[in-house]
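Right, one structure below, let's go through it.
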Amino acid sequence: MEHFVVGVGFCVSIMLSGLIFTAHKLGLFYQLFHKTETKSPRHGGESVAEVLRSHGVKYVFTLVGGHISPILVACEKVGIRILDTRHEATAVFAADAVARLSGTIGVAAVTAGPGLTNTVTAVKNAQMAESPVLLLGGAAGTLLQGRGALQDIDQISLFKPLCKFCASVRTVREIVPTIRKALAIAQSGTPGPVFIELPIDILYPFHLVSQELLMKNSPKGLMGKIVSWYVQNHLMNLFAGAWETKDLSPLPVDIPHATDDQVQRCVELVSRAKKPVILMGSQATLPPMPVEDIRKVLEELGIPCFLGGMSRGILGRNSPIHIRQNRREALKEADVVLLAGTVCDFRLNYGRVFNKRSKIIAVNRDKTQLLKNSDMFWKPTVAVQGDAGSFLVRLSKGLKGHRCQEEWLQSLKAGDISKENANRVKADEKTDHHLNPLKVLHCVDELMAEDSIIVADGGDFVGSAAYILKPRGPLRWLDPGAFGTLGVGGGFALGAKLCRPEAEVWIVYGDGSSGYSIAEFDTFTRHKTPVIALVGNDACWSQIAREQVPLLGSNVACGLSFTDYHIVADGFGGKGFLVRREDEDGLCDIIKQAQRVCQDGKATLLNVLIGKTNFREGSVSV
């Protein structure tokens with residue numbers, strides 16, 4: 001525990017600022033205070049744990065630090081499982097995955113200073129993916145902030161641009177109401193991360209804090225008395241009312257909804273459409289509407305659907321209305337396009353992919369995302385700021401009995417079949433070296449369990465996997481989202497395995513991206529959360545090289561080595577498999593063996609040496 005030292009200059013500045021109470025008032029307050037808070041063995045970490053438990057939080061992800069130890073100890077005592085990772089970013093990624101799969105809040109707690117700065121990328125990813133994550137951060141003591149204490153920086157300013165809500169708790173009594181407020185804000189409107197800073201002196205018990213404040217290095221004489229008096233006053237304010245009974249229940253969550261007039265107008269547009277399509281984004285899977293209900297509604301509508309982000313798999317593996325290929329061509333023909341939580345950013349070429357004659361219905365909880373680039377390349381016919389899942393349910397009720405024209409659906413499905421057949425032919429081609437990555441992915445897709453969850457973490461290999469691997473059901477695909485972040489694999493897989501312990505969880509890694517979180521095999525081993533990692537190892541950052549080399553004539557910084565990632569997995573307590581070209585005939589048997597090892601409780605890694613193909617030729621990374 002750090003030392004709380006208050007110098008002479010500080011005392012003088014306090015006197016000059018007029019913060020001295022009268023001795024009479026101080027004496028009365030101290031007598032009352034001394035009989036209650038000072039005698040209690042409780043600490044602020046218990047208040048954190050109580051409010052989290054009351055909100056149904058099951059897991060807290062962390063990398064331990066002295067600033068936050070009371071939170072972790074208290075959470076464990078009330079039955080909240082603590083999962084410590086090998087990097088703070090992984091802790092936030094895991095919390096993000098829990099939020100996505102559980103429909104509630106994901107929680108991470110990290111120590112002050114570098115502990116928090118290590119989470120910045122993961123917090124920004126949660127913001128752009130619209131995941132409700134609570135980040136709890138330690139901080140220097142309230143008296144020492146800004147005075148050069150250990151790991152003391154302006155953390156609030158750092159996280160304000162990244163979070164919907166930021167707060168620094170200044171007294172123990174503020175812990176519960178601040179966390180309740182943060183949790184509601186995180187899940188309201190457009191979900192996103194929130195940050196609460198918890199200084200060390202509001203988390204530890206009174207007797208420890210007072211020892212540090214009152215008995216260490218105090219000046220002598222009159223100045224010492226003034227310092228002691230001021231610090232006692234500060235202590236009383238820190239702990240006053242700390243253990244009074246407080247409401248721990250969740251606050252209401254505010255979710256925007258479409259108006260009846262907006263829904264009716266959209267019913268009319270869709271009912272007249274000859275060639276409608278639905279583009280589903282991650283936001284369509286958010287609570288309050290259960291994903292199974294949304295699946296049923298989409299099947300009732302019968303409109304061809306392109307699925308992206310967390311909506312992948314919502315229609316199962318082989319739905320007749322799920323169209324996987326030729327999206328650009330379909331959008332050029334469509335007369336009505338429904339953007340259900342989908343944003344007109346780079347993924348839709350900023351809106352330039354639409355037919356100028358198309359009627360576009362855009363539904364999004366966030367006004368900025370709803371109208372993104374509408375001032376330049378496209379215009380919504382109807383723009384609905386509301387929940388996409390609830391909107392689809394109401395639209396379906398208004399279209400009761402209406403079905404999309406079968407000819408339109410069949411033409412799109414025929415394009416799907418043609419493209420997938422071509423992919424299978426390409427998978428049978430021999431590469432110059434090692435295994436054909438498409439063959440590997442097709443084999444994995446055939447053997448993957450029906451309850452599998454796929455975590456996508458990489459560039460070129462994962463881009464190919466998105467075309468080949470078919471999620472079996474709703475909420476069975478996890479990718480970073482719009483930020484395109486590498487390094488999500490270990491954290492997403494950890495969170496997924498906790499939410500669905502019986503499921504087969506796959507991390508699909510590029511060899512480059514695997515380096516970010518392969519150390520989490522240690523976490524999988526220690527916390528008995530076995531997953532399967534598939535590393536497409538071509539000794540290259542191929543997504544970058546595919547454009548850097550032809551455009552700029554150099555492969556600088558793109559080359560890697562055919563590293564023994566399988567041995568790294570072994571070293572962290574997992575089981576690694578090396579898969580080479582000579583193993584091609586037994587490829588499926590090796591995958592089955594890895595699945596059996598995982599079922600027996602060991603995290604496994606398939607280090608698959610792959611060659612180059614021209615699949616996805618022309619795709620870019622910027």
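By order in the structure tokens, chains are A, B, ...; within a chain, residues start at 1; ligands start at 1, following the order shown.
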Show me, as JSON lines, the residues of range 549-592 of chain A having an atom within 9 Å of range 435-438 of chain A, each with the closest atom pair and its distance in Å, using only C-alpha atoms.
{"residue": "A:Val579", "atom": "CA", "partner": "A:Leu435", "partner_atom": "CA", "distance": 8.6}
{"residue": "A:Arg580", "atom": "CA", "partner": "A:Leu435", "partner_atom": "CA", "distance": 6.7}
{"residue": "A:Arg581", "atom": "CA", "partner": "A:Leu435", "partner_atom": "CA", "distance": 5.1}
{"residue": "A:Glu582", "atom": "CA", "partner": "A:Leu435", "partner_atom": "CA", "distance": 8.8}
{"residue": "A:Asp583", "atom": "CA", "partner": "A:Leu435", "partner_atom": "CA", "distance": 8.9}
{"residue": "A:Glu584", "atom": "CA", "partner": "A:Leu435", "partner_atom": "CA", "distance": 7.2}
Based on the selection just made, write N, CA, C and O atoms of those residues as a PDB file, in the first residue's frame.
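After the write, part_19.pdb holds the following:
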ATOM      1  N   VAL A 579       0.810 -28.939 -38.429  1.00  0.00           N
ATOM      2  CA  VAL A 579       0.157 -29.533 -39.593  1.00  0.00           C
ATOM      3  C   VAL A 579       0.861 -29.025 -40.856  1.00  0.00           C
ATOM      4  O   VAL A 579       0.883 -27.828 -41.126  1.00  0.00           O
ATOM      5  N   ARG A 580       1.444 -29.972 -41.620  1.00  0.00           N
ATOM      6  CA  ARG A 580       2.223 -29.633 -42.814  1.00  0.00           C
ATOM      7  C   ARG A 580       1.598 -30.274 -44.048  1.00  0.00           C
ATOM      8  O   ARG A 580       0.611 -31.009 -43.949  1.00  0.00           O
ATOM      9  N   ARG A 581       2.189 -29.994 -45.209  1.00  0.00           N
ATOM     10  CA  ARG A 581       1.648 -30.545 -46.451  1.00  0.00           C
ATOM     11  C   ARG A 581       1.614 -32.072 -46.420  1.00  0.00           C
ATOM     12  O   ARG A 581       0.646 -32.683 -46.907  1.00  0.00           O
ATOM     13  N   GLU A 582       2.651 -32.696 -45.849  1.00  0.00           N
ATOM     14  CA  GLU A 582       2.669 -34.161 -45.804  1.00  0.00           C
ATOM     15  C   GLU A 582       1.551 -34.737 -44.930  1.00  0.00           C
ATOM     16  O   GLU A 582       1.294 -35.939 -44.955  1.00  0.00           O
ATOM     17  N   ASP A 583       0.882 -33.865 -44.165  1.00  0.00           N
ATOM     18  CA  ASP A 583      -0.248 -34.305 -43.333  1.00  0.00           C
ATOM     19  C   ASP A 583      -1.591 -34.112 -44.033  1.00  0.00           C
ATOM     20  O   ASP A 583      -2.640 -34.332 -43.417  1.00  0.00           O
ATOM     21  N   GLU A 584      -1.561 -33.715 -45.305  1.00  0.00           N
ATOM     22  CA  GLU A 584      -2.809 -33.335 -45.991  1.00  0.00           C
ATOM     23  C   GLU A 584      -3.848 -34.442 -45.979  1.00  0.00           C
ATOM     24  O   GLU A 584      -5.028 -34.202 -45.713  1.00  0.00           O
TER      25      GLU A 584
END
Range 104-121 of chain A environment, 8 Å, only C-alpha atoms, sequence neighbours closer than 6 positions dropped, as an mmCIF file with all heavy atoms, in the first residue's frame:
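What landed in out_5.cif:
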data_model
loop_
_atom_site.group_PDB
_atom_site.id
_atom_site.type_symbol
_atom_site.label_atom_id
_atom_site.label_comp_id
_atom_site.auth_asym_id
_atom_site.auth_seq_id
_atom_site.Cartn_x
_atom_site.Cartn_y
_atom_site.Cartn_z
ATOM 1 N N VAL A 57 -23.711 -9.677 -12.207
ATOM 2 C CA VAL A 57 -22.366 -9.870 -12.760
ATOM 3 C C VAL A 57 -21.784 -11.185 -12.229
ATOM 4 O O VAL A 57 -21.738 -11.401 -11.019
ATOM 5 C CB VAL A 57 -21.449 -8.685 -12.399
ATOM 6 C CG1 VAL A 57 -20.005 -8.971 -12.814
ATOM 7 C CG2 VAL A 57 -21.950 -7.410 -13.061
ATOM 8 N N TYR A 59 -18.694 -12.518 -13.661
ATOM 9 C CA TYR A 59 -17.253 -12.573 -13.886
ATOM 10 C C TYR A 59 -16.651 -11.175 -13.821
ATOM 11 O O TYR A 59 -17.246 -10.207 -14.308
ATOM 12 C CB TYR A 59 -16.936 -13.169 -15.263
ATOM 13 C CG TYR A 59 -17.692 -14.434 -15.579
ATOM 14 C CD1 TYR A 59 -18.734 -14.439 -16.518
ATOM 15 C CD2 TYR A 59 -17.371 -15.637 -14.944
ATOM 16 C CE1 TYR A 59 -19.436 -15.593 -16.809
ATOM 17 C CE2 TYR A 59 -18.065 -16.798 -15.231
ATOM 18 C CZ TYR A 59 -19.103 -16.776 -16.161
ATOM 19 O OH TYR A 59 -19.797 -17.928 -16.436
ATOM 20 N N VAL A 60 -15.460 -11.091 -13.255
ATOM 21 C CA VAL A 60 -14.651 -9.880 -13.348
ATOM 22 C C VAL A 60 -13.290 -10.302 -13.892
ATOM 23 O O VAL A 60 -12.629 -11.185 -13.340
ATOM 24 C CB VAL A 60 -14.489 -9.179 -11.983
ATOM 25 C CG1 VAL A 60 -13.443 -8.068 -12.070
ATOM 26 C CG2 VAL A 60 -15.824 -8.600 -11.518
ATOM 27 N N PHE A 61 -12.880 -9.669 -14.975
ATOM 28 C CA PHE A 61 -11.605 -9.969 -15.610
ATOM 29 C C PHE A 61 -10.572 -8.936 -15.174
ATOM 30 O O PHE A 61 -10.890 -7.749 -15.047
ATOM 31 C CB PHE A 61 -11.762 -9.968 -17.127
ATOM 32 C CG PHE A 61 -12.784 -10.961 -17.610
ATOM 33 C CD1 PHE A 61 -14.102 -10.579 -17.831
ATOM 34 C CD2 PHE A 61 -12.436 -12.288 -17.811
ATOM 35 C CE1 PHE A 61 -15.053 -11.490 -18.248
ATOM 36 C CE2 PHE A 61 -13.382 -13.212 -18.229
ATOM 37 C CZ PHE A 61 -14.696 -12.829 -18.456
ATOM 38 N N THR A 62 -9.352 -9.395 -14.953
ATOM 39 C CA THR A 62 -8.384 -8.493 -14.335
ATOM 40 C C THR A 62 -6.966 -8.903 -14.664
ATOM 41 O O THR A 62 -6.702 -10.005 -15.166
ATOM 42 C CB THR A 62 -8.579 -8.498 -12.804
ATOM 43 O OG1 THR A 62 -7.816 -7.450 -12.219
ATOM 44 C CG2 THR A 62 -8.142 -9.829 -12.195
ATOM 45 N N LEU A 63 -6.052 -8.005 -14.397
ATOM 46 C CA LEU A 63 -4.643 -8.313 -14.173
ATOM 47 C C LEU A 63 -4.322 -7.625 -12.856
ATOM 48 O O LEU A 63 -4.449 -6.415 -12.736
ATOM 49 C CB LEU A 63 -3.754 -7.814 -15.321
ATOM 50 C CG LEU A 63 -2.360 -8.449 -15.376
ATOM 51 C CD1 LEU A 63 -1.767 -8.353 -16.779
ATOM 52 C CD2 LEU A 63 -1.402 -7.827 -14.378
ATOM 53 N N VAL A 64 -3.941 -8.387 -11.875
ATOM 54 C CA VAL A 64 -3.939 -7.934 -10.487
ATOM 55 C C VAL A 64 -2.991 -6.750 -10.257
ATOM 56 O O VAL A 64 -1.961 -6.603 -10.918
ATOM 57 C CB VAL A 64 -3.559 -9.111 -9.555
ATOM 58 C CG1 VAL A 64 -2.094 -9.482 -9.713
ATOM 59 C CG2 VAL A 64 -3.916 -8.829 -8.113
ATOM 60 N N GLY A 65 -3.355 -5.902 -9.320
ATOM 61 C CA GLY A 65 -2.525 -4.776 -8.891
ATOM 62 C C GLY A 65 -2.953 -4.334 -7.508
ATOM 63 O O GLY A 65 -4.135 -4.463 -7.134
ATOM 64 N N GLY A 66 -2.019 -3.803 -6.722
ATOM 65 C CA GLY A 66 -2.319 -3.443 -5.337
ATOM 66 C C GLY A 66 -3.417 -2.406 -5.211
ATOM 67 O O GLY A 66 -4.156 -2.396 -4.218
ATOM 68 N N HIS A 67 -3.553 -1.527 -6.192
ATOM 69 C CA HIS A 67 -4.599 -0.509 -6.121
ATOM 70 C C HIS A 67 -6.002 -1.116 -6.061
ATOM 71 O O HIS A 67 -6.918 -0.523 -5.490
ATOM 72 C CB HIS A 67 -4.515 0.413 -7.340
ATOM 73 C CG HIS A 67 -3.357 1.359 -7.336
ATOM 74 N ND1 HIS A 67 -2.125 1.017 -7.850
ATOM 75 C CD2 HIS A 67 -3.240 2.633 -6.883
ATOM 76 C CE1 HIS A 67 -1.301 2.042 -7.726
ATOM 77 N NE2 HIS A 67 -1.947 3.036 -7.135
ATOM 78 N N ILE A 68 -6.182 -2.284 -6.697
ATOM 79 C CA ILE A 68 -7.531 -2.836 -6.832
ATOM 80 C C ILE A 68 -7.730 -4.139 -6.066
ATOM 81 O O ILE A 68 -8.798 -4.760 -6.175
ATOM 82 C CB ILE A 68 -7.871 -3.076 -8.320
ATOM 83 C CG1 ILE A 68 -6.842 -4.026 -8.957
ATOM 84 C CG2 ILE A 68 -7.952 -1.762 -9.076
ATOM 85 C CD1 ILE A 68 -7.273 -4.576 -10.310
ATOM 86 N N HIS A 87 -2.625 -9.949 -19.903
ATOM 87 C CA HIS A 87 -2.539 -8.574 -20.390
ATOM 88 C C HIS A 87 -3.872 -7.894 -20.102
ATOM 89 O O HIS A 87 -4.929 -8.504 -20.224
ATOM 90 C CB HIS A 87 -2.239 -8.536 -21.893
ATOM 91 C CG HIS A 87 -1.756 -7.208 -22.392
ATOM 92 N ND1 HIS A 87 -2.599 -6.131 -22.554
ATOM 93 C CD2 HIS A 87 -0.522 -6.773 -22.754
ATOM 94 C CE1 HIS A 87 -1.906 -5.089 -22.998
ATOM 95 N NE2 HIS A 87 -0.636 -5.452 -23.121
ATOM 96 N N GLU A 88 -3.790 -6.612 -19.745
ATOM 97 C CA GLU A 88 -5.025 -5.880 -19.398
ATOM 98 C C GLU A 88 -5.977 -5.764 -20.584
ATOM 99 O O GLU A 88 -7.200 -5.768 -20.412
ATOM 100 C CB GLU A 88 -4.680 -4.488 -18.864
ATOM 101 C CG GLU A 88 -4.055 -4.471 -17.470
ATOM 102 C CD GLU A 88 -2.554 -4.566 -17.479
ATOM 103 O OE1 GLU A 88 -1.971 -4.798 -18.575
ATOM 104 O OE2 GLU A 88 -1.936 -4.406 -16.399
ATOM 105 N N ALA A 89 -5.434 -5.648 -21.795
ATOM 106 C CA ALA A 89 -6.320 -5.580 -22.960
ATOM 107 C C ALA A 89 -7.163 -6.844 -23.076
ATOM 108 O O ALA A 89 -8.356 -6.788 -23.410
ATOM 109 C CB ALA A 89 -5.508 -5.368 -24.234
ATOM 110 N N ALA A 91 -8.239 -8.650 -20.654
ATOM 111 C CA ALA A 91 -9.309 -8.572 -19.657
ATOM 112 C C ALA A 91 -10.508 -7.813 -20.199
ATOM 113 O O ALA A 91 -11.663 -8.217 -20.011
ATOM 114 C CB ALA A 91 -8.785 -7.906 -18.383
ATOM 115 N N VAL A 92 -10.254 -6.705 -20.893
ATOM 116 C CA VAL A 92 -11.357 -5.919 -21.460
ATOM 117 C C VAL A 92 -11.994 -6.656 -22.637
ATOM 118 O O VAL A 92 -13.221 -6.651 -22.795
ATOM 119 C CB VAL A 92 -10.875 -4.519 -21.867
ATOM 120 C CG1 VAL A 92 -11.996 -3.739 -22.540
ATOM 121 C CG2 VAL A 92 -10.375 -3.753 -20.640
ATOM 122 N N ALA A 94 -12.240 -9.823 -22.977
ATOM 123 C CA ALA A 94 -13.067 -10.881 -22.383
ATOM 124 C C ALA A 94 -14.379 -10.315 -21.859
ATOM 125 O O ALA A 94 -15.451 -10.917 -22.030
ATOM 126 C CB ALA A 94 -12.296 -11.589 -21.274
ATOM 127 N N ALA A 95 -14.305 -9.155 -21.204
ATOM 128 C CA ALA A 95 -15.526 -8.503 -20.716
ATOM 129 C C ALA A 95 -16.438 -8.130 -21.886
ATOM 130 O O ALA A 95 -17.670 -8.247 -21.797
ATOM 131 C CB ALA A 95 -15.158 -7.265 -19.907
ATOM 132 N N ASP A 96 -15.845 -7.679 -22.977
ATOM 133 C CA ASP A 96 -16.594 -7.350 -24.186
ATOM 134 C C ASP A 96 -17.342 -8.579 -24.705
ATOM 135 O O ASP A 96 -18.537 -8.515 -25.040
ATOM 136 C CB ASP A 96 -15.601 -6.825 -25.244
ATOM 137 C CG ASP A 96 -16.258 -6.341 -26.529
ATOM 138 O OD1 ASP A 96 -17.406 -6.726 -26.816
ATOM 139 O OD2 ASP A 96 -15.608 -5.576 -27.262
ATOM 140 N N ALA A 97 -16.652 -9.724 -24.771
ATOM 141 C CA ALA A 97 -17.290 -10.952 -25.249
ATOM 142 C C ALA A 97 -18.452 -11.369 -24.356
ATOM 143 O O ALA A 97 -19.515 -11.789 -24.842
ATOM 144 C CB ALA A 97 -16.256 -12.079 -25.333
ATOM 145 N N VAL A 98 -18.273 -11.250 -23.043
ATOM 146 C CA VAL A 98 -19.356 -11.585 -22.111
ATOM 147 C C VAL A 98 -20.561 -10.672 -22.350
ATOM 148 O O VAL A 98 -21.713 -11.125 -22.356
ATOM 149 C CB VAL A 98 -18.872 -11.477 -20.652
ATOM 150 C CG1 VAL A 98 -20.045 -11.491 -19.679
ATOM 151 C CG2 VAL A 98 -17.913 -12.617 -20.331
ATOM 152 N N PRO A 132 -21.510 -2.955 -24.035
ATOM 153 C CA PRO A 132 -21.584 -2.354 -22.697
ATOM 154 C C PRO A 132 -20.575 -2.974 -21.743
ATOM 155 O O PRO A 132 -20.774 -4.074 -21.225
ATOM 156 C CB PRO A 132 -23.023 -2.655 -22.257
ATOM 157 C CG PRO A 132 -23.387 -3.902 -22.988
ATOM 158 C CD PRO A 132 -22.634 -3.869 -24.291
ATOM 159 N N VAL A 133 -19.473 -2.292 -21.547
ATOM 160 C CA VAL A 133 -18.378 -2.779 -20.696
ATOM 161 C C VAL A 133 -18.126 -1.776 -19.578
ATOM 162 O O VAL A 133 -18.053 -0.570 -19.835
ATOM 163 C CB VAL A 133 -17.096 -2.981 -21.521
ATOM 164 C CG1 VAL A 133 -15.902 -3.269 -20.613
ATOM 165 C CG2 VAL A 133 -17.274 -4.101 -22.541
ATOM 166 N N LEU A 134 -18.010 -2.268 -18.362
ATOM 167 C CA LEU A 134 -17.630 -1.438 -17.215
ATOM 168 C C LEU A 134 -16.153 -1.673 -16.924
ATOM 169 O O LEU A 134 -15.746 -2.798 -16.626
ATOM 170 C CB LEU A 134 -18.463 -1.788 -15.986
ATOM 171 C CG LEU A 134 -17.992 -1.176 -14.651
ATOM 172 C CD1 LEU A 134 -18.058 0.347 -14.686
ATOM 173 C CD2 LEU A 134 -18.814 -1.724 -13.485
ATOM 174 N N LEU A 135 -15.367 -0.608 -17.013
ATOM 175 C CA LEU A 135 -13.950 -0.673 -16.660
ATOM 176 C C LEU A 135 -13.753 -0.003 -15.312
ATOM 177 O O LEU A 135 -14.042 1.192 -15.151
ATOM 178 C CB LEU A 135 -13.104 0.022 -17.727
ATOM 179 C CG LEU A 135 -11.596 0.101 -17.438
ATOM 180 C CD1 LEU A 135 -10.981 -1.287 -17.344
ATOM 181 C CD2 LEU A 135 -10.891 0.947 -18.492
ATOM 182 N N LEU A 136 -13.273 -0.763 -14.338
ATOM 183 C CA LEU A 136 -12.940 -0.240 -13.019
ATOM 184 C C LEU A 136 -11.431 -0.072 -12.945
ATOM 185 O O LEU A 136 -10.689 -1.027 -13.190
ATOM 186 C CB LEU A 136 -13.416 -1.198 -11.928
ATOM 187 C CG LEU A 136 -14.911 -1.509 -11.884
ATOM 188 C CD1 LEU A 136 -15.198 -2.609 -10.878
ATOM 189 C CD2 LEU A 136 -15.719 -0.258 -11.555
ATOM 190 N N GLY A 137 -10.984 1.123 -12.618
ATOM 191 C CA GLY A 137 -9.552 1.388 -12.580
ATOM 192 C C GLY A 137 -9.094 1.891 -11.234
ATOM 193 O O GLY A 137 -9.743 2.746 -10.618
ATOM 194 N N GLY A 138 -7.981 1.370 -10.764
ATOM 195 C CA GLY A 138 -7.381 1.893 -9.544
ATOM 196 C C GLY A 138 -6.806 3.277 -9.781
ATOM 197 O O GLY A 138 -6.677 3.745 -10.915
ATOM 198 N N ALA A 139 -6.457 3.952 -8.702
ATOM 199 C CA ALA A 139 -5.901 5.305 -8.807
ATOM 200 C C ALA A 139 -5.140 5.626 -7.531
ATOM 201 O O ALA A 139 -5.359 5.013 -6.480
ATOM 202 C CB ALA A 139 -7.013 6.339 -9.031
ATOM 203 N N ALA A 140 -4.256 6.608 -7.626
ATOM 204 C CA ALA A 140 -3.556 7.104 -6.446
ATOM 205 C C ALA A 140 -4.552 7.645 -5.437
ATOM 206 O O ALA A 140 -5.695 7.985 -5.778
ATOM 207 C CB ALA A 140 -2.564 8.188 -6.844
ATOM 208 N N GLN A 151 2.240 5.650 -10.217
ATOM 209 C CA GLN A 151 1.295 5.341 -11.292
ATOM 210 C C GLN A 151 0.136 6.340 -11.356
ATOM 211 O O GLN A 151 -0.982 5.994 -11.746
ATOM 212 C CB GLN A 151 0.768 3.901 -11.145
ATOM 213 C CG GLN A 151 1.887 2.869 -11.236
ATOM 214 C CD GLN A 151 1.403 1.445 -11.074
ATOM 215 O OE1 GLN A 151 0.380 1.184 -10.441
ATOM 216 N NE2 GLN A 151 2.159 0.502 -11.624
ATOM 217 N N ASP A 152 0.418 7.584 -11.013
ATOM 218 C CA ASP A 152 -0.631 8.613 -10.995
ATOM 219 C C ASP A 152 -0.592 9.418 -12.291
ATOM 220 O O ASP A 152 0.388 10.092 -12.586
ATOM 221 C CB ASP A 152 -0.426 9.547 -9.791
ATOM 222 C CG ASP A 152 -1.478 10.647 -9.745
ATOM 223 O OD1 ASP A 152 -2.621 10.398 -10.187
ATOM 224 O OD2 ASP A 152 -1.151 11.751 -9.280
ATOM 225 N N ILE A 153 -1.659 9.317 -13.073
ATOM 226 C CA ILE A 153 -1.830 10.137 -14.269
ATOM 227 C C ILE A 153 -3.274 10.613 -14.312
ATOM 228 O O ILE A 153 -4.123 10.156 -13.542
ATOM 229 C CB ILE A 153 -1.513 9.350 -15.561
ATOM 230 C CG1 ILE A 153 -2.443 8.135 -15.695
ATOM 231 C CG2 ILE A 153 -0.048 8.938 -15.613
ATOM 232 C CD1 ILE A 153 -2.343 7.433 -17.030
ATOM 233 N N GLN A 155 -6.275 10.014 -15.520
ATOM 234 C CA GLN A 155 -6.947 8.895 -16.171
ATOM 235 C C GLN A 155 -8.306 9.285 -16.743
ATOM 236 O O GLN A 155 -8.719 8.757 -17.783
ATOM 237 C CB GLN A 155 -7.089 7.746 -15.166
ATOM 238 C CG GLN A 155 -5.719 7.242 -14.701
ATOM 239 C CD GLN A 155 -5.755 6.253 -13.562
ATOM 240 O OE1 GLN A 155 -4.791 5.547 -13.344
ATOM 241 N NE2 GLN A 155 -6.841 6.196 -12.813
ATOM 242 N N PHE A 159 -9.860 8.640 -20.733
ATOM 243 C CA PHE A 159 -10.985 7.792 -21.109
ATOM 244 C C PHE A 159 -12.246 8.557 -21.520
ATOM 245 O O PHE A 159 -13.176 7.947 -22.058
ATOM 246 C CB PHE A 159 -11.306 6.810 -19.975
ATOM 247 C CG PHE A 159 -10.306 5.701 -19.878
ATOM 248 C CD1 PHE A 159 -9.242 5.768 -19.001
ATOM 249 C CD2 PHE A 159 -10.409 4.588 -20.697
ATOM 250 C CE1 PHE A 159 -8.298 4.763 -18.929
ATOM 251 C CE2 PHE A 159 -9.476 3.563 -20.633
ATOM 252 C CZ PHE A 159 -8.416 3.653 -19.753
ATOM 253 N N LEU A 183 -23.599 1.557 -14.835
ATOM 254 C CA LEU A 183 -24.124 0.344 -15.441
ATOM 255 C C LEU A 183 -25.364 0.627 -16.283
ATOM 256 O O LEU A 183 -25.542 0.043 -17.364
ATOM 257 C CB LEU A 183 -24.442 -0.686 -14.358
ATOM 258 C CG LEU A 183 -23.220 -1.283 -13.645
ATOM 259 C CD1 LEU A 183 -23.660 -2.094 -12.433
ATOM 260 C CD2 LEU A 183 -22.405 -2.148 -14.588
ATOM 261 N N ALA A 186 -24.218 2.464 -19.508
ATOM 262 C CA ALA A 186 -23.528 1.569 -20.440
ATOM 263 C C ALA A 186 -24.500 0.811 -21.327
ATOM 264 O O ALA A 186 -24.205 0.529 -22.495
ATOM 265 C CB ALA A 186 -22.656 0.586 -19.669
ATOM 266 N N GLN A 187 -25.679 0.477 -20.796
ATOM 267 C CA GLN A 187 -26.645 -0.348 -21.526
ATOM 268 C C GLN A 187 -27.761 0.450 -22.179
ATOM 269 O O GLN A 187 -28.549 -0.103 -22.939
ATOM 270 C CB GLN A 187 -27.251 -1.377 -20.563
ATOM 271 C CG GLN A 187 -26.219 -2.328 -19.968
ATOM 272 C CD GLN A 187 -26.794 -3.222 -18.891
ATOM 273 O OE1 GLN A 187 -27.315 -4.296 -19.162
ATOM 274 N NE2 GLN A 187 -26.710 -2.775 -17.647
ATOM 275 N N THR A 485 -9.588 -4.405 -34.987
ATOM 276 C CA THR A 485 -8.513 -4.602 -34.009
ATOM 277 C C THR A 485 -7.942 -6.016 -34.064
ATOM 278 O O THR A 485 -8.692 -6.990 -34.032
ATOM 279 C CB THR A 485 -9.059 -4.345 -32.594
ATOM 280 O OG1 THR A 485 -9.729 -3.103 -32.583
ATOM 281 C CG2 THR A 485 -7.942 -4.337 -31.571
#
Requested in this report: Can you check which residues of range 85-313 of chain A DSSP gives as strand (DSSP E) on the backbone and send them as a ChimeraX atom specification?
Outcome: /A:106-110,133-139,165-168,194-199,276-280,305-307
Query raised in the report: Can you tell me, as a list of chain:residue names, what residues are no more than 9 Å from Leu251 in chain A when counting only C-alpha atoms, ignoring any on the same chain fewer than 6 positions away?
Result: A:Arg180, A:Lys181, A:Leu183, A:Ala184
Query - Which residue of A:Gly309, A:Gly141, A:Pro252, A:Gly389 approaches Val291 in chain A most closely, using only C-alpha atoms - result: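 Nearest to Val291 in chain A: A:Gly389.
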Requested in this report: May I have the residues within 9 Å of Ala242 in chain A as a PyMOL selection string, using only C-alpha atoms and disregarding those fewer than 2 positions away in the same chain?
Outcome: chain A and resi 37+43-44+47+171-175+238-240+244-245
Query raised in the report: Residues at most 8 Å from Ala129 in chain A, counting only C-alpha atoms, excluding those fewer than 4 positions away in the same chain, as a list of chain:residue names?
Result: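 Contacts, in chain order: A:Asn125, A:Gly192, A:Ser282, A:Pro480, A:Gly481, A:Ala482, A:Phe483.
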Query raised in the report: Could you write out, as a PyMOL selection string, all the residues of range 127-243 of chain A that DSSP marks as alpha helix (DSSP H)?
Result: chain A and resi 127-129+155-159+175-187+206-214+221-239
Quick one: which range 403-485 of chain A residues come within 9 Å of range 527-537 of chain A, and what is the nearest atom pair for each with the distance in Å to one decimal, counting only C-alpha atoms, rows ordered by chain and ascending number, as a Markdown table?
| residue | atom | partner | partner_atom | distance |
| --- | --- | --- | --- | --- |
| A:Pro437 | CA | A:Gly536 | CA | 7.2 |
| A:Val440 | CA | A:Gly536 | CA | 8.9 |
| A:Phe461 | CA | A:Gly536 | CA | 6.1 |
| A:Val462 | CA | A:Gly536 | CA | 8.4 |
